[in-house]
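Data first, discussion second: the structure below is written as structure tokens.
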Amino acid sequence: MKHLASSFAIKTNTLGLDFKTHEPPTGDASLPSSDIGNVSYLVPTIHPGFYIGTDDTNHTKGFASAAGAPTAQPYTVLQGKAMAMTAIDIFINKDLLHKIKTEFNNEPQRKN
């Protein structure tokens, strides 16, 4: 979803988020299964991960504690704003919506 992801990236950059500086931690625990995969077969989807001020990985006690900490909230609020700004962009920019739908419909798994 190049066009959808690009729109989201532009919004995160506008808000001052830098994924090169604040990448989410990596490791086996940071890549759990997710229902978003099922959704992505039906509608254009992105599933951005983001830094919350910890090096702990998803689905650990450390990450759970960090996610509820006040220091994580600014990162989460900015991501929510970027998602909302992306949705608004899609609603008002019919060309972007068309590009996203075209890209989605032309993905190999939909051509069968």
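Here, A, B, ... name the chains of the structure tokens in the order displayed, residue numbers run from 1 inside each chain, and ligands are numbered from 1 in the same displayed order.
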
Worksheet item: Within 12 Å of Gly68 (chain A), counting only C-alpha atoms, which residues qualify if same-chain residues fewer than 6 places away don't, as a count of residues only?
Response: 8

Discussion item. Taking 5 positions as the minimum chain separation for residues in the same chain, which residues sit within 9 Å of Lys11 (chain A) when counting only C-alpha atoms? Answer as a list of chain:residue names.
Written reply: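 These residues fall inside the cut-off: A:Ser6, A:Gly16, A:Leu17, A:Lys81, A:Ala82, A:Met83, A:Met85, A:Thr86.
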
Grab the residues selected above and save them as a PDB file, in the first residue's frame with C-alpha atoms.
```pdb
ATOM      1  CA  SER A   6       3.250   7.410   1.835  1.00  0.00           C
ATOM      2  CA  GLY A  16       7.894  15.761  13.688  1.00  0.00           C
ATOM      3  CA  LEU A  17       8.005  11.983  14.029  1.00  0.00           C
ATOM      4  CA  LYS A  81      -3.126  12.424  14.930  1.00  0.00           C
ATOM      5  CA  ALA A  82      -1.144  11.151  11.930  1.00  0.00           C
ATOM      6  CA  MET A  83      -3.747   8.433  11.325  1.00  0.00           C
ATOM      7  CA  MET A  85      -4.796  13.358   9.222  1.00  0.00           C
ATOM      8  CA  THR A  86      -4.271  10.492   6.755  1.00  0.00           C
TER       9      THR A  86
END
```

Practice prompt. Looking only at alpha helix (DSSP H) from DSSP on the backbone, list the matching residues of chain A as a PyMOL selection string.
Written response: chain A and resi 2-14+36-39+61-68+73-92+94-105

Practice prompt. For Ala5 (chain A), work out the shell of residues within 9 Å, counting only C-alpha atoms and skipping chain neighbours fewer than 3 positions away, then give it as a ChimeraX atom specification.
Written response: /A:1-2,8-10,45-46,48

Next, dump the selected residues to file, keeping only all heavy atoms, as a PDB file, in the first residue's frame.
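What landed in again.pdb:
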```pdb
ATOM      1  N   MET A   1       0.824  -1.171   0.000  1.00  0.00           N
ATOM      2  CA  MET A   1       0.000   0.000   0.000  1.00  0.00           C
ATOM      3  C   MET A   1       0.875   1.243   0.000  1.00  0.00           C
ATOM      4  O   MET A   1       0.887   2.027   0.944  1.00  0.00           O
ATOM      5  CB  MET A   1      -0.939  -0.021   1.197  1.00  0.00           C
ATOM      6  CG  MET A   1      -1.931  -1.169   1.229  1.00  0.00           C
ATOM      7  SD  MET A   1      -3.417  -1.100   0.190  1.00  0.00           S
ATOM      8  CE  MET A   1      -2.899  -0.843  -1.433  1.00  0.00           C
ATOM      9  N   LYS A   2       1.583   1.386  -1.074  1.00  0.00           N
ATOM     10  CA  LYS A   2       2.545   2.474  -1.219  1.00  0.00           C
ATOM     11  C   LYS A   2       1.910   3.853  -1.039  1.00  0.00           C
ATOM     12  O   LYS A   2       2.447   4.700  -0.331  1.00  0.00           O
ATOM     13  CB  LYS A   2       3.238   2.305  -2.575  1.00  0.00           C
ATOM     14  CG  LYS A   2       3.807   3.530  -3.190  1.00  0.00           C
ATOM     15  CD  LYS A   2       4.471   3.216  -4.513  1.00  0.00           C
ATOM     16  CE  LYS A   2       3.525   3.478  -5.630  1.00  0.00           C
ATOM     17  NZ  LYS A   2       4.149   3.473  -6.940  1.00  0.00           N
ATOM     18  N   PHE A   8       0.564   8.481   5.053  1.00  0.00           N
ATOM     19  CA  PHE A   8       0.776   8.399   6.498  1.00  0.00           C
ATOM     20  C   PHE A   8       2.169   8.916   6.867  1.00  0.00           C
ATOM     21  O   PHE A   8       2.329   9.669   7.830  1.00  0.00           O
ATOM     22  CB  PHE A   8       0.591   6.959   6.984  1.00  0.00           C
ATOM     23  CG  PHE A   8       0.820   6.786   8.451  1.00  0.00           C
ATOM     24  CD1 PHE A   8      -0.112   7.231   9.376  1.00  0.00           C
ATOM     25  CD2 PHE A   8       1.963   6.172   8.911  1.00  0.00           C
ATOM     26  CE1 PHE A   8       0.098   7.079  10.736  1.00  0.00           C
ATOM     27  CE2 PHE A   8       2.186   6.003  10.272  1.00  0.00           C
ATOM     28  CZ  PHE A   8       1.247   6.461  11.184  1.00  0.00           C
ATOM     29  N   ALA A   9       3.173   8.532   6.093  1.00  0.00           N
ATOM     30  CA  ALA A   9       4.551   8.977   6.374  1.00  0.00           C
ATOM     31  C   ALA A   9       4.671  10.496   6.291  1.00  0.00           C
ATOM     32  O   ALA A   9       5.355  11.123   7.104  1.00  0.00           O
ATOM     33  CB  ALA A   9       5.528   8.304   5.415  1.00  0.00           C
ATOM     34  N   ILE A  10       4.012  11.084   5.319  1.00  0.00           N
ATOM     35  CA  ILE A  10       4.030  12.546   5.188  1.00  0.00           C
ATOM     36  C   ILE A  10       3.426  13.187   6.436  1.00  0.00           C
ATOM     37  O   ILE A  10       3.944  14.165   6.969  1.00  0.00           O
ATOM     38  CB  ILE A  10       3.291  12.988   3.907  1.00  0.00           C
ATOM     39  CG1 ILE A  10       4.107  12.591   2.675  1.00  0.00           C
ATOM     40  CG2 ILE A  10       3.012  14.491   3.930  1.00  0.00           C
ATOM     41  CD1 ILE A  10       3.341  12.700   1.362  1.00  0.00           C
ATOM     42  N   THR A  45      -4.924  -1.360   3.717  1.00  0.00           N
ATOM     43  CA  THR A  45      -4.538  -1.365   5.129  1.00  0.00           C
ATOM     44  C   THR A  45      -3.058  -1.078   5.301  1.00  0.00           C
ATOM     45  O   THR A  45      -2.241  -1.530   4.501  1.00  0.00           O
ATOM     46  CB  THR A  45      -4.829  -2.764   5.719  1.00  0.00           C
ATOM     47  OG1 THR A  45      -6.172  -3.140   5.433  1.00  0.00           O
ATOM     48  CG2 THR A  45      -4.614  -2.802   7.208  1.00  0.00           C
ATOM     49  N   ILE A  46      -2.723  -0.338   6.339  1.00  0.00           N
ATOM     50  CA  ILE A  46      -1.344  -0.259   6.813  1.00  0.00           C
ATOM     51  C   ILE A  46      -1.370  -0.610   8.295  1.00  0.00           C
ATOM     52  O   ILE A  46      -2.411  -0.505   8.953  1.00  0.00           O
ATOM     53  CB  ILE A  46      -0.689   1.122   6.581  1.00  0.00           C
ATOM     54  CG1 ILE A  46      -1.480   2.229   7.269  1.00  0.00           C
ATOM     55  CG2 ILE A  46      -0.510   1.388   5.099  1.00  0.00           C
ATOM     56  CD1 ILE A  46      -0.776   3.589   7.250  1.00  0.00           C
ATOM     57  N   PRO A  48       1.195   0.428  10.979  1.00  0.00           N
ATOM     58  CA  PRO A  48       2.448   1.014  11.447  1.00  0.00           C
ATOM     59  C   PRO A  48       2.737   0.690  12.915  1.00  0.00           C
ATOM     60  O   PRO A  48       1.841   0.711  13.749  1.00  0.00           O
ATOM     61  CB  PRO A  48       2.238   2.518  11.252  1.00  0.00           C
ATOM     62  CG  PRO A  48       0.764   2.703  11.234  1.00  0.00           C
ATOM     63  CD  PRO A  48       0.171   1.423  10.745  1.00  0.00           C
TER      64      PRO A  48
END
```

Item to complete: Between CA of Lys101 (chain A) and CA of Ile88 (chain A), measure the distance and give it in Å to one decimal.
Response: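 We find that CA of Lys101 (chain A) and CA of Ile88 (chain A) lie 15.8 Å from each other.
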
Worksheet entry | Point-to-point distance from CA of Val43 (chain A) to CA of Gln109 (chain A), Å rounded to tenths |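 According to the coordinates, CA of Val43 (chain A) and CA of Gln109 (chain A) are separated by 12.7 Å.
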